[in-house]
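Q: Input start01.pdb, format and content: PDB, N, CA and C atoms.
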ATOM      1  N   MET A1193      13.318   6.586  20.378
ATOM      2  CA  MET A1193      13.549   5.770  21.551
ATOM      3  C   MET A1193      13.826   6.648  22.770
ATOM      4  N   GLU A1194      14.294   7.843  22.541
ATOM      5  CA  GLU A1194      14.617   8.720  23.651
ATOM      6  C   GLU A1194      13.395   9.468  24.179
ATOM      7  N   LYS A1195      12.403   9.698  23.322
ATOM      8  CA  LYS A1195      11.255  10.494  23.726
ATOM      9  C   LYS A1195      10.044   9.656  24.118
ATOM     10  N   GLY A1196       9.977   8.409  23.679
ATOM     11  CA  GLY A1196       8.824   7.567  23.953
ATOM     12  C   GLY A1196       8.699   7.214  25.420
ATOM     13  N   GLN A1197       7.475   6.947  25.848
ATOM     14  CA  GLN A1197       7.203   6.562  27.215
ATOM     15  C   GLN A1197       7.209   5.044  27.338
ATOM     16  N   LEU A1198       7.803   4.538  28.403
ATOM     17  CA  LEU A1198       7.875   3.108  28.655
ATOM     18  C   LEU A1198       6.470   2.496  28.640
ATOM     19  N   GLY A1199       6.303   1.445  27.859
ATOM     20  CA  GLY A1199       5.024   0.744  27.778
ATOM     21  C   GLY A1199       4.047   1.326  26.776
ATOM     22  N   GLU A1200       4.359   2.463  26.183
ATOM     23  CA  GLU A1200       3.477   3.080  25.196
ATOM     24  C   GLU A1200       3.784   2.526  23.811
ATOM     25  N   ARG A1201       2.806   2.628  22.941
ATOM     26  CA  ARG A1201       2.961   2.204  21.546
ATOM     27  C   ARG A1201       2.634   3.378  20.644
ATOM     28  N   TYR A1202       3.373   3.464  19.550
ATOM     29  CA  TYR A1202       3.204   4.578  18.631
ATOM     30  C   TYR A1202       3.066   4.062  17.207
ATOM     31  N   LEU A1203       2.123   4.618  16.477
ATOM     32  CA  LEU A1203       1.941   4.268  15.073
ATOM     33  C   LEU A1203       2.670   5.308  14.222
ATOM     34  N   LEU A1204       3.682   4.853  13.518
ATOM     35  CA  LEU A1204       4.453   5.756  12.663
ATOM     36  C   LEU A1204       3.890   5.675  11.250
ATOM     37  N   THR A1205       2.721   6.255  11.092
ATOM     38  CA  THR A1205       2.010   6.228   9.820
ATOM     39  C   THR A1205       2.104   7.591   9.155
ATOM     40  N   GLY A1206       1.415   7.722   8.061
ATOM     41  CA  GLY A1206       1.333   9.007   7.373
ATOM     42  C   GLY A1206      -0.126   9.332   7.136
ATOM     43  N   GLU A1207      -0.363  10.103   6.091
ATOM     44  CA  GLU A1207      -1.744  10.485   5.799
ATOM     45  C   GLU A1207      -2.539   9.285   5.295
ATOM     46  N   ASN A1208      -3.817   9.275   5.614
ATOM     47  CA  ASN A1208      -4.704   8.216   5.148
ATOM     48  C   ASN A1208      -5.191   8.562   3.748
ATOM     49  N   ALA A1209      -5.197   7.566   2.873
ATOM     50  CA  ALA A1209      -5.650   7.777   1.499
ATOM     51  C   ALA A1209      -6.291   6.494   0.991
ATOM     52  N   SER A1210      -7.274   6.647   0.136
ATOM     53  CA  SER A1210      -7.910   5.489  -0.491
ATOM     54  C   SER A1210      -6.985   4.950  -1.583
ATOM     55  N   PHE A1211      -7.257   3.729  -2.012
ATOM     56  CA  PHE A1211      -6.477   3.171  -3.116
ATOM     57  C   PHE A1211      -6.618   4.047  -4.359
ATOM     58  N   LYS A1212      -7.822   4.563  -4.585
ATOM     59  CA  LYS A1212      -8.039   5.431  -5.745
ATOM     60  C   LYS A1212      -7.146   6.666  -5.658
ATOM     61  N   GLN A1213      -7.075   7.285  -4.489
ATOM     62  CA  GLN A1213      -6.235   8.469  -4.330
ATOM     63  C   GLN A1213      -4.759   8.145  -4.573
ATOM     64  N   VAL A1214      -4.309   7.003  -4.071
ATOM     65  CA  VAL A1214      -2.911   6.607  -4.257
ATOM     66  C   VAL A1214      -2.617   6.377  -5.730
ATOM     67  N   PHE A1215      -3.482   5.609  -6.412
ATOM     68  CA  PHE A1215      -3.244   5.309  -7.824
ATOM     69  C   PHE A1215      -3.371   6.550  -8.692
ATOM     70  N   ASP A1216      -4.312   7.432  -8.361
ATOM     71  CA  ASP A1216      -4.445   8.679  -9.124
ATOM     72  C   ASP A1216      -3.196   9.547  -8.966
ATOM     73  N   MET A1217      -2.672   9.645  -7.741
ATOM     74  CA  MET A1217      -1.468  10.436  -7.509
ATOM     75  C   MET A1217      -0.264   9.803  -8.199
ATOM     76  N   ALA A1218      -0.181   8.478  -8.158
ATOM     77  CA  ALA A1218       0.920   7.781  -8.832
ATOM     78  C   ALA A1218       0.868   8.044 -10.337
ATOM     79  N   ALA A1219      -0.327   8.094 -10.899
ATOM     80  CA  ALA A1219      -0.468   8.365 -12.333
ATOM     81  C   ALA A1219       0.034   9.764 -12.673
ATOM     82  N   VAL A1220      -0.285  10.731 -11.843
ATOM     83  CA  VAL A1220       0.173  12.104 -12.079
ATOM     84  C   VAL A1220       1.702  12.157 -11.999
ATOM     85  N   ILE A1221       2.272  11.513 -10.990
ATOM     86  CA  ILE A1221       3.731  11.534 -10.793
ATOM     87  C   ILE A1221       4.458  10.864 -11.953
ATOM     88  N   THR A1222       3.930   9.751 -12.430
ATOM     89  CA  THR A1222       4.605   8.988 -13.481
ATOM     90  C   THR A1222       4.238   9.463 -14.889
ATOM     91  N   GLY A1223       3.283  10.379 -14.988
ATOM     92  CA  GLY A1223       2.867  10.860 -16.297
ATOM     93  C   GLY A1223       2.078   9.824 -17.077
ATOM     94  N   THR A1224       1.447   8.912 -16.381
ATOM     95  CA  THR A1224       0.622   7.896 -17.019
ATOM     96  C   THR A1224      -0.849   8.228 -16.786
ATOM     97  N   SER A1225      -1.722   7.503 -17.448
ATOM     98  CA  SER A1225      -3.144   7.789 -17.263
ATOM     99  C   SER A1225      -3.653   7.116 -15.985
ATOM    100  N   LYS A1226      -4.653   7.752 -15.403
ATOM    101  CA  LYS A1226      -5.271   7.213 -14.193
ATOM    102  C   LYS A1226      -6.021   5.934 -14.545
ATOM    103  N   PRO A1227      -6.176   5.034 -13.583
ATOM    104  CA  PRO A1227      -6.949   3.808 -13.858
ATOM    105  C   PRO A1227      -8.340   4.163 -14.374
ATOM    106  N   LYS A1228      -8.750   3.454 -15.420
ATOM    107  CA  LYS A1228     -10.041   3.753 -16.054
ATOM    108  C   LYS A1228     -11.170   2.866 -15.540
ATOM    109  N   ILE A1229     -10.817   1.722 -14.969
ATOM    110  CA  ILE A1229     -11.856   0.816 -14.485
ATOM    111  C   ILE A1229     -11.620   0.512 -13.011
ATOM    112  N   ASN A1230     -12.680   0.139 -12.352
ATOM    113  CA  ASN A1230     -12.621  -0.252 -10.955
ATOM    114  C   ASN A1230     -12.937  -1.746 -10.896
ATOM    115  N   ILE A1231     -11.940  -2.551 -10.584
ATOM    116  CA  ILE A1231     -12.128  -4.008 -10.546
ATOM    117  C   ILE A1231     -12.667  -4.385  -9.172
ATOM    118  N   PRO A1232     -13.808  -5.086  -9.130
ATOM    119  CA  PRO A1232     -14.363  -5.472  -7.828
ATOM    120  C   PRO A1232     -13.436  -6.455  -7.101
ATOM    121  N   LEU A1233     -13.433  -6.364  -5.780
ATOM    122  CA  LEU A1233     -12.542  -7.208  -4.993
ATOM    123  C   LEU A1233     -12.823  -8.691  -5.166
ATOM    124  N   TRP A1234     -14.073  -9.068  -5.437
ATOM    125  CA  TRP A1234     -14.356 -10.496  -5.617
ATOM    126  C   TRP A1234     -13.618 -11.022  -6.847
ATOM    127  N   ALA A1235     -13.521 -10.182  -7.894
ATOM    128  CA  ALA A1235     -12.806 -10.602  -9.100
ATOM    129  C   ALA A1235     -11.301 -10.686  -8.838
ATOM    130  N   ILE A1236     -10.794  -9.762  -8.030
ATOM    131  CA  ILE A1236      -9.371  -9.807  -7.675
ATOM    132  C   ILE A1236      -9.081 -11.042  -6.831
ATOM    133  N   GLU A1237     -10.022 -11.413  -5.954
ATOM    134  CA  GLU A1237      -9.822 -12.612  -5.133
ATOM    135  C   GLU A1237      -9.801 -13.881  -5.995
ATOM    136  N   VAL A1238     -10.693 -13.957  -6.987
ATOM    137  CA  VAL A1238     -10.684 -15.094  -7.912
ATOM    138  C   VAL A1238      -9.341 -15.147  -8.638
ATOM    139  N   TYR A1239      -8.881 -13.998  -9.102
ATOM    140  CA  TYR A1239      -7.576 -13.932  -9.757
ATOM    141  C   TYR A1239      -6.472 -14.386  -8.801
ATOM    142  N   GLY A1240      -6.611 -14.028  -7.525
ATOM    143  CA  GLY A1240      -5.631 -14.448  -6.524
ATOM    144  C   GLY A1240      -5.556 -15.956  -6.401
ATOM    145  N   TRP A1241      -6.713 -16.625  -6.380
ATOM    146  CA  TRP A1241      -6.725 -18.090  -6.295
ATOM    147  C   TRP A1241      -6.096 -18.709  -7.546
ATOM    148  N   VAL A1242      -6.401 -18.145  -8.703
ATOM    149  CA  VAL A1242      -5.804 -18.644  -9.948
ATOM    150  C   VAL A1242      -4.290 -18.414  -9.922
ATOM    151  N   SER A1243      -3.856 -17.256  -9.438
ATOM    152  CA  SER A1243      -2.424 -16.957  -9.345
ATOM    153  C   SER A1243      -1.698 -17.942  -8.441
ATOM    154  N   VAL A1244      -2.334 -18.309  -7.334
ATOM    155  CA  VAL A1244      -1.728 -19.273  -6.413
ATOM    156  C   VAL A1244      -1.589 -20.624  -7.102
ATOM    157  N   LEU A1245      -2.618 -21.048  -7.818
ATOM    158  CA  LEU A1245      -2.573 -22.318  -8.542
ATOM    159  C   LEU A1245      -1.453 -22.301  -9.585
ATOM    160  N   VAL A1246      -1.386 -21.233 -10.362
ATOM    161  CA  VAL A1246      -0.349 -21.112 -11.389
ATOM    162  C   VAL A1246       1.039 -21.085 -10.741
ATOM    163  N   SER A1247       1.162 -20.425  -9.600
ATOM    164  CA  SER A1247       2.469 -20.342  -8.936
ATOM    165  C   SER A1247       2.938 -21.715  -8.453
ATOM    166  N   ARG A1248       2.004 -22.559  -8.065
ATOM    167  CA  ARG A1248       2.379 -23.913  -7.639
ATOM    168  C   ARG A1248       2.888 -24.749  -8.810
ATOM    169  N   ILE A1249       2.389 -24.447  -9.984
ATOM    170  CA  ILE A1249       2.821 -25.174 -11.187
ATOM    171  C   ILE A1249       4.151 -24.620 -11.704
ATOM    172  N   THR A1250       4.257 -23.284 -11.730
ATOM    173  CA  THR A1250       5.440 -22.653 -12.329
ATOM    174  C   THR A1250       6.579 -22.404 -11.341
ATOM    175  N   GLY A1251       6.251 -22.363 -10.057
ATOM    176  CA  GLY A1251       7.266 -22.060  -9.058
ATOM    177  C   GLY A1251       7.524 -20.569  -8.895
ATOM    178  N   LYS A1252       6.796 -19.739  -9.638
ATOM    179  CA  LYS A1252       6.935 -18.283  -9.513
ATOM    180  C   LYS A1252       5.935 -17.764  -8.480
ATOM    181  N   LEU A1253       6.320 -16.714  -7.767
ATOM    182  CA  LEU A1253       5.431 -16.141  -6.764
ATOM    183  C   LEU A1253       4.188 -15.548  -7.422
ATOM    184  N   PRO A1254       3.018 -15.691  -6.776
ATOM    185  CA  PRO A1254       1.807 -15.089  -7.334
ATOM    186  C   PRO A1254       1.860 -13.567  -7.213
ATOM    187  N   LEU A1255       1.232 -12.888  -8.160
ATOM    188  CA  LEU A1255       1.173 -11.434  -8.123
ATOM    189  C   LEU A1255       0.353 -10.968  -6.924
ATOM    190  N   ILE A1256      -0.722 -11.689  -6.645
ATOM    191  CA  ILE A1256      -1.575 -11.374  -5.503
ATOM    192  C   ILE A1256      -2.166 -12.685  -5.001
ATOM    193  N   SER A1257      -2.448 -12.750  -3.711
ATOM    194  CA  SER A1257      -2.994 -13.968  -3.131
ATOM    195  C   SER A1257      -4.287 -13.638  -2.384
ATOM    196  N   PRO A1258      -5.123 -14.631  -2.140
ATOM    197  CA  PRO A1258      -6.379 -14.377  -1.417
ATOM    198  C   PRO A1258      -6.188 -13.700  -0.050
ATOM    199  N   PRO A1259      -5.179 -14.068   0.746
ATOM    200  CA  PRO A1259      -5.005 -13.329   2.005
ATOM    201  C   PRO A1259      -4.712 -11.842   1.797
ATOM    202  N   THR A1260      -4.011 -11.512   0.727
ATOM    203  CA  THR A1260      -3.749 -10.107   0.421
ATOM    204  C   THR A1260      -5.049  -9.387   0.097
ATOM    205  N   VAL A1261      -5.936 -10.054  -0.632
ATOM    206  CA  VAL A1261      -7.229  -9.450  -0.979
ATOM    207  C   VAL A1261      -8.044  -9.217   0.285
ATOM    208  N   ARG A1262      -7.983 -10.141   1.242
ATOM    209  CA  ARG A1262      -8.696  -9.957   2.510
ATOM    210  C   ARG A1262      -8.217  -8.692   3.215
ATOM    211  N   VAL A1263      -6.927  -8.420   3.149
ATOM    212  CA  VAL A1263      -6.384  -7.198   3.743
ATOM    213  C   VAL A1263      -6.932  -5.972   3.008
ATOM    214  N   LEU A1264      -7.037  -6.070   1.686
ATOM    215  CA  LEU A1264      -7.533  -4.948   0.889
ATOM    216  C   LEU A1264      -8.991  -4.618   1.180
ATOM    217  N   ARG A1265      -9.758  -5.580   1.693
ATOM    218  CA  ARG A1265     -11.177  -5.366   1.968
ATOM    219  C   ARG A1265     -11.409  -4.394   3.126
ATOM    220  N   HIS A1266     -10.420  -4.196   3.960
ATOM    221  CA  HIS A1266     -10.568  -3.338   5.133
ATOM    222  C   HIS A1266     -10.136  -1.911   4.820
ATOM    223  N   GLN A1267     -10.757  -0.990   5.504
ATOM    224  CA  GLN A1267     -10.328   0.401   5.436
ATOM    225  C   GLN A1267      -9.368   0.621   6.594
ATOM    226  N   TRP A1268      -8.087   0.709   6.286
ATOM    227  CA  TRP A1268      -7.066   0.841   7.322
ATOM    228  C   TRP A1268      -6.714   2.307   7.492
ATOM    229  N   ALA A1269      -7.396   2.977   8.375
ATOM    230  CA  ALA A1269      -7.118   4.382   8.650
ATOM    231  C   ALA A1269      -6.592   4.498  10.083
ATOM    232  N   TYR A1270      -5.409   5.060  10.220
ATOM    233  CA  TYR A1270      -4.783   5.205  11.522
ATOM    234  C   TYR A1270      -4.325   6.637  11.709
ATOM    235  N   SER A1271      -4.128   7.001  12.950
ATOM    236  CA  SER A1271      -3.650   8.330  13.278
ATOM    237  C   SER A1271      -2.261   8.233  13.909
ATOM    238  N   CYS A1272      -1.397   9.138  13.521
ATOM    239  CA  CYS A1272      -0.060   9.206  14.112
ATOM    240  C   CYS A1272       0.068  10.423  15.022
ATOM    241  N   GLU A1273      -1.067  11.010  15.418
ATOM    242  CA  GLU A1273      -1.040  12.221  16.245
ATOM    243  C   GLU A1273      -0.290  11.999  17.552
ATOM    244  N   LYS A1274      -0.449  10.831  18.159
ATOM    245  CA  LYS A1274       0.250  10.541  19.409
ATOM    246  C   LYS A1274       1.763  10.575  19.189
ATOM    247  N   ALA A1275       2.220   9.975  18.098
ATOM    248  CA  ALA A1275       3.650   9.977  17.787
ATOM    249  C   ALA A1275       4.131  11.393  17.468
ATOM    250  N   LYS A1276       3.305  12.180  16.791
ATOM    251  CA  LYS A1276       3.673  13.568  16.504
ATOM    252  C   LYS A1276       3.844  14.357  17.800
ATOM    253  N   ASN A1277       2.862  14.206  18.697
ATOM    254  CA  ASN A1277       2.881  14.969  19.944
ATOM    255  C   ASN A1277       3.974  14.507  20.898
ATOM    256  N   ASP A1278       4.083  13.194  21.088
ATOM    257  CA  ASP A1278       5.012  12.663  22.092
ATOM    258  C   ASP A1278       6.449  12.554  21.595
ATOM    259  N   LEU A1279       6.601  12.245  20.312
ATOM    260  CA  LEU A1279       7.937  11.947  19.784
ATOM    261  C   LEU A1279       8.497  13.025  18.857
ATOM    262  N   GLY A1280       7.643  13.960  18.472
ATOM    263  CA  GLY A1280       8.073  14.937  17.473
ATOM    264  C   GLY A1280       8.137  14.321  16.083
ATOM    265  N   TYR A1281       7.376  13.250  15.876
ATOM    266  CA  TYR A1281       7.351  12.544  14.591
ATOM    267  C   TYR A1281       6.791  13.452  13.512
ATOM    268  N   ASN A1282       7.449  13.475  12.364
ATOM    269  CA  ASN A1282       7.018  14.315  11.256
ATOM    270  C   ASN A1282       7.035  13.486   9.976
ATOM    271  N   PRO A1283       5.918  12.821   9.668
ATOM    272  CA  PRO A1283       5.907  11.948   8.487
ATOM    273  C   PRO A1283       5.958  12.751   7.196
ATOM    274  N   ARG A1284       6.534  12.128   6.164
ATOM    275  CA  ARG A1284       6.529  12.763   4.848
ATOM    276  C   ARG A1284       5.128  12.621   4.259
ATOM    277  N   SER A1285       4.834  13.429   3.287
ATOM    278  CA  SER A1285       3.528  13.369   2.632
ATOM    279  C   SER A1285       3.455  12.128   1.742
ATOM    280  N   LEU A1286       2.249  11.741   1.402
ATOM    281  CA  LEU A1286       2.053  10.624   0.484
ATOM    282  C   LEU A1286       2.750  10.920  -0.845
ATOM    283  N   LYS A1287       2.610  12.139  -1.319
ATOM    284  CA  LYS A1287       3.236  12.515  -2.592
ATOM    285  C   LYS A1287       4.754  12.359  -2.518
ATOM    286  N   ASP A1288       5.363  12.830  -1.443
ATOM    287  CA  ASP A1288       6.823  12.699  -1.305
ATOM    288  C   ASP A1288       7.242  11.232  -1.240
ATOM    289  N   GLY A1289       6.458  10.419  -0.548
ATOM    290  CA  GLY A1289       6.764   8.992  -0.480
ATOM    291  C   GLY A1289       6.677   8.331  -1.843
ATOM    292  N   LEU A1290       5.634   8.673  -2.597
ATOM    293  CA  LEU A1290       5.484   8.111  -3.936
ATOM    294  C   LEU A1290       6.580   8.609  -4.877
ATOM    295  N   LEU A1291       6.981   9.860  -4.721
ATOM    296  CA  LEU A1291       8.073  10.392  -5.556
ATOM    297  C   LEU A1291       9.368   9.604  -5.351
ATOM    298  N   GLU A1292       9.540   9.035  -4.169
ATOM    299  CA  GLU A1292      10.733   8.228  -3.899
ATOM    300  C   GLU A1292      10.546   6.765  -4.284
ATOM    301  N   VAL A1293       9.390   6.191  -3.954
ATOM    302  CA  VAL A1293       9.228   4.743  -4.132
ATOM    303  C   VAL A1293       8.951   4.345  -5.576
ATOM    304  N   LEU A1294       8.267   5.164  -6.339
ATOM    305  CA  LEU A1294       7.931   4.780  -7.717
ATOM    306  C   LEU A1294       9.176   4.609  -8.597
ATOM    307  N   PRO A1295      10.130   5.559  -8.596
ATOM    308  CA  PRO A1295      11.354   5.331  -9.380
ATOM    309  C   PRO A1295      12.141   4.112  -8.879
ATOM    310  N   TRP A1296      12.119   3.866  -7.583
ATOM    311  CA  TRP A1296      12.814   2.707  -7.019
ATOM    312  C   TRP A1296      12.188   1.414  -7.536
ATOM    313  N   LEU A1297      10.850   1.331  -7.513
ATOM    314  CA  LEU A1297      10.165   0.147  -8.038
ATOM    315  C   LEU A1297      10.444  -0.022  -9.530
ATOM    316  N   LYS A1298      10.507   1.095 -10.238
ATOM    317  CA  LYS A1298      10.835   1.035 -11.673
ATOM    318  C   LYS A1298      12.238   0.506 -11.880
ATOM    319  N   SER A1299      13.197   0.948 -11.060
ATOM    320  CA  SER A1299      14.591   0.493 -11.212
ATOM    321  C   SER A1299      14.732  -0.996 -10.926
ATOM    322  N   LEU A1300      13.835  -1.537 -10.102
ATOM    323  CA  LEU A1300      13.851  -2.971  -9.801
ATOM    324  C   LEU A1300      13.130  -3.795 -10.871
ATOM    325  N   GLY A1301      12.431  -3.112 -11.778
ATOM    326  CA  GLY A1301      11.668  -3.799 -12.815
ATOM    327  C   GLY A1301      10.319  -4.286 -12.326
ATOM    328  N   VAL A1302       9.871  -3.797 -11.180
ATOM    329  CA  VAL A1302       8.589  -4.219 -10.623
ATOM    330  C   VAL A1302       7.438  -3.513 -11.335
ATOM    331  N   ILE A1303       7.648  -2.257 -11.718
ATOM    332  CA  ILE A1303       6.635  -1.501 -12.440
ATOM    333  C   ILE A1303       7.291  -0.865 -13.661
ATOM    334  N   GLU A1304       6.453  -0.493 -14.616
ATOM    335  CA  GLU A1304       6.912   0.212 -15.811
ATOM    336  C   GLU A1304       6.076   1.470 -15.989
ATOM    337  N   TYR A1305       6.725   2.517 -16.429
ATOM    338  CA  TYR A1305       6.014   3.737 -16.821
ATOM    339  C   TYR A1305       6.899   4.569 -17.696
TER     340      TYR A1305
END
Using the file provided, produce a representation of the structure as structure tokens.
A:
Amino acid sequence: MEKGQLGERYLLTGENASFKQVFDMAAVITGTSKPKINIPLWAIEVYGWVSVLVSRITGKLPLISPPTVRVLRHQWAYSCEKAKNDLGYNPRSLKDGLLEVLPWLKSLGVIEY
């Protein structure tokens, strides 16, 4: 807040990575095997619609929903160079972020490994 310019916007992102790169790195960190199959997004979207239907019956949140799949269809690559230059922003690496978030998700019971 002290270094930013009035009216400017900054993206506080990190390195860009594909889903495959993220899942492969997560597998190495957790000591699990890398994903062996690539599920097409159309199949995930169908599963999303089924999950929404089941969630309406059971009252439990769906694992994934069609709007989430729509987000996954895009390649979201952003640069934080402006924030680095103007603000001195220094993002952690993807690996460091995963080293922190994966054990946290495990402690919450969201993932198992």
Q: For the atom pair atom C of A:Ser1285 and atom N of A:Gly1206, what is the interatomic distance in Å to one decimal place?
A: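 Atom C of A:Ser1285 sits 8.0 Å away from atom N of A:Gly1206.
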Q: Work out where the centre of an axis-aligned box around every listed atom of stretch 1271-1284 of chain A lies and how long its edges are once 8 Å is added on each side; give both in Å to one decimal as AutoDock Vina command-line options.
A:
--center_x 2.2 --center_y 11.0 --center_z 13.2 --size_x 28.6 --size_y 24.0 --size_z 33.8
Q: Which of chain A end up as alpha helix (DSSP H) when DSSP is run on this backbone - answer as a ChimeraX atom specification?
A: /A:1211-1222,1233-1250,1258-1264,1273-1279,1286-1300
Q: Identify which of the residues A:Glu1237, A:Asp1288, A:Glu1194, A:Glu1207 lies closest to A:Pro1258, counting all atoms listed in the file when measuring atom-to-atom distances.
A: A:Glu1237
Q: Applying 8 Å and only N, CA and C atoms, which residues near stretch 1232-1235 of chain A remain after dropping the ones on its own chain fewer than 5 positions away? List them as number ranges by chain.
A: A: 1240-1241, 1261, 1264-1265
